[in-house]
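Quick notes on the structure that follows.
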Amino acid sequence: MKKTLLSLLFSVAAFTVYAQKGARLIVRGDDMGYSHSGNLALIKSFKEGIQTSIEIIVPSPWFPEAVKMLKENPGTDIGIHLAITSEWDNVKWRPVSDCPSLRDADGYFYPMIRANKNYPKRAIMDNDWKIADIEKEFRAQIEIALKYLPQISHLSSHMGCTGISPEVKELTRKLAREYKIPIDPEPANLAYAGYAGTHKTPQEKIDSFIGMLNKLESGKTYLFVDHPGLDDEELKAIHHIGYEDVAMDRQGVTDLFTSKKVKDAIKEKGIVLIGYKDLAGQ
């Protein structure tokens with residue numbers, strides 16, 4: 001009994017030292033709620049793969065299903081993916097608050113944040129948005145998310161919406177303080193990690209991700225972000241001008257996040273996979 005206890009204590013101590021020495025990596029999957037296919041892929045990437053955090057879009061059409069799936073998978077690290085755009089051509093979502101300056105003529109969010117030649121005058125920045133409307137919408141999204149998923153660990157930004165101006169940045173910080181939810185990437189001075197090379201095909205994604213792993217420095221904390229999906233009929237119908245190969249591209253992310261080769265590389269390099277909730281107190 002004593003030997004077993006000592007062995008356990010040694011193992012815990014060894015793991016603690018190991019975790020301190022190795023690079024720490026959050027692998028984040030974005031956009032839960034935008035489609036059924038996306039929801040399935042995000043849960044698969046969490047249960048079977050290396051993904052450690054899931055970002056949920058509250059006003060998205062598949063939000064109710066996303067909530068159900070997340071409740072069925074306790075232990076998921078969840079972020080509120082604050083969103084004020086609805087970018088896809090064949091599926092749209094509307095605000096969850098009364099915020100007229102953020103809506104287009106049909107009542108949907110505008111598709112883009114910044115001016116885009118493919119969507120003239122259909123970006124938030126092309127129109128007379130009001131900070132009061134953004135605050136109203138952000139608050140509504142946070143409160144709905146907390147109502148159904150009280151374990152929320154952080155806030156993040158869909159398409160960079162929290163950084164469109166200094167006043168929106170400050171608003172987001174204010175809401176984070178008020179609701180006591182950290183903002184990505186402020187905890188622990190997270191450094192973004194991206195693909196190290198071409199990443200169009202599934203194999204290129206895997207190779208470039210492993211190339212990125214080779215560059216991570218021990219003792220530092222990194223964040224990698226991408227968007228899992230499935231190459232099925234639903235996702236083939238979801239796209240916008242300039243990003244038409246959504247189904248193939250996002251299936252490649254799912255393949256990457258569940259790849260045995262990638263899992264083996266992470267283990268070999270001593271990289272510790274963590275979630276945002278593991279940053280508490282860091």
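Quick note on naming: the chains in the structure tokens go A, B, ... in the order shown, residues restart at 1 in each chain, and ligands are numbered from 1 in order of appearance.
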Taking the chain letters and numbering used in this document, name the residues of range 23-203 of chain A that DSSP puts in alpha helix (DSSP H), as a count of residues only. 55
DSSP on the backbone: which residues in range 120-279 of chain A end up as strand (DSSP E)? Give the answer as a ChimeraX atom specification. /A:154-157,191-192,221-226,272-273
Using only C-alpha atoms, what table do you get, as CSV, when you list each residue of range 111-204 of chain A with an atom no more than 12 Å from range 38-54 of chain A, its nearest pair of atoms, and their distance in Å rounded to one decimal, rows by chain then rising number?
```
residue,atom,partner,partner_atom,distance
A:Ile152,CA,A:Ile54,CA,10.1
A:Ser153,CA,A:Ser53,CA,9.5
A:His154,CA,A:Ser53,CA,9.9
A:Leu155,CA,A:Ile54,CA,11.0
A:Ser156,CA,A:Ile54,CA,10.4
A:Asp184,CA,A:Ser53,CA,11.7
```
Hey, what's within 12 Å of Lys180 in chain A if we count only C-alpha atoms and toss same-chain stuff fewer than 4 positions away? As number ranges by chain, please? A: 142, 146, 150-155, 172-176, 280
Kindly give the distance, in Å, that separates CA of Leu235 in chain A and CA of Ser37 in chain A, rounded to a single decimal.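 Value for the CA of Leu235 in chain A-CA of Ser37 in chain A distance: 6.5 Å.
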Would you pick out the contacts of Val168 in chain A at 9 Å or less, using only C-alpha atoms, so that residues sharing its chain but fewer than 6 positions from it are not included, and give the list as a list in words?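 Using only C-alpha atoms, the neighbours found are Ile131, Ile134, Glu135, Cys161 and Thr162 of chain A.
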May I ask which of the residues A:Phe224, A:Asn127, A:Glu170, A:Arg250 is the closest one to Ile238 in chain A, counting only C-alpha atoms?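 Of the candidates, the smallest distance to Ile238 in chain A is held by A:Arg250.
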Just the residues within 12 Å of Leu216 in chain A, please, counting only C-alpha atoms, with nothing from its chain fewer than 5 positions along; format it as a ChimeraX atom specification. /A:21-25,191-196,209-211,221-224,266,269-272
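Among A:Pro182, A:Gly229, A:Pro111, A:Pro100, the residue with the shortest atom-to-atom distance to Thr85 in chain A, counting only C-alpha atoms, is A:Pro111.
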Could you name the residues that touch Met125 in chain A at 9 Å or less, counting only C-alpha atoms, but leaving out those on the same chain fewer than 4 positions away, as an mmCIF file with N, CA and C atoms, in the first residue's frame?
```cif
data_model
loop_
_atom_site.group_PDB
_atom_site.id
_atom_site.type_symbol
_atom_site.label_atom_id
_atom_site.label_comp_id
_atom_site.auth_asym_id
_atom_site.auth_seq_id
_atom_site.Cartn_x
_atom_site.Cartn_y
_atom_site.Cartn_z
ATOM 1 N N MET A 112 -19.991 40.936 -43.110
ATOM 2 C CA MET A 112 -18.571 41.197 -42.904
ATOM 3 C C MET A 112 -18.336 42.242 -41.810
ATOM 4 N N ILE A 113 -17.135 42.225 -41.261
ATOM 5 C CA ILE A 113 -16.731 43.244 -40.292
ATOM 6 C C ILE A 113 -16.193 44.480 -41.010
ATOM 7 N N ARG A 114 -15.209 44.263 -41.867
ATOM 8 C CA ARG A 114 -14.551 45.366 -42.574
ATOM 9 C C ARG A 114 -14.949 45.372 -44.044
ATOM 10 N N ALA A 115 -14.740 46.500 -44.702
ATOM 11 C CA ALA A 115 -15.105 46.659 -46.107
ATOM 12 C C ALA A 115 -14.579 45.494 -46.936
ATOM 13 N N LYS A 121 -20.776 47.693 -49.096
ATOM 14 C CA LYS A 121 -21.654 48.354 -48.108
ATOM 15 C C LYS A 121 -22.364 47.353 -47.192
ATOM 16 N N TRP A 129 -22.613 51.972 -37.098
ATOM 17 C CA TRP A 129 -22.846 51.165 -35.904
ATOM 18 C C TRP A 129 -22.751 52.027 -34.650
ATOM 19 N N ILE A 164 -12.751 46.145 -33.281
ATOM 20 C CA ILE A 164 -13.006 47.063 -34.396
ATOM 21 C C ILE A 164 -12.719 48.516 -34.050
#
```
I want to know what sits within 12 Å of Glu87 in chain A, based on only C-alpha atoms, with residues of the same chain fewer than 5 positions away left out; could you give that as a PyMOL selection string? chain A and resi 31+34+60+92-94+108-114+116+118-119+122-124+158-159+238-243
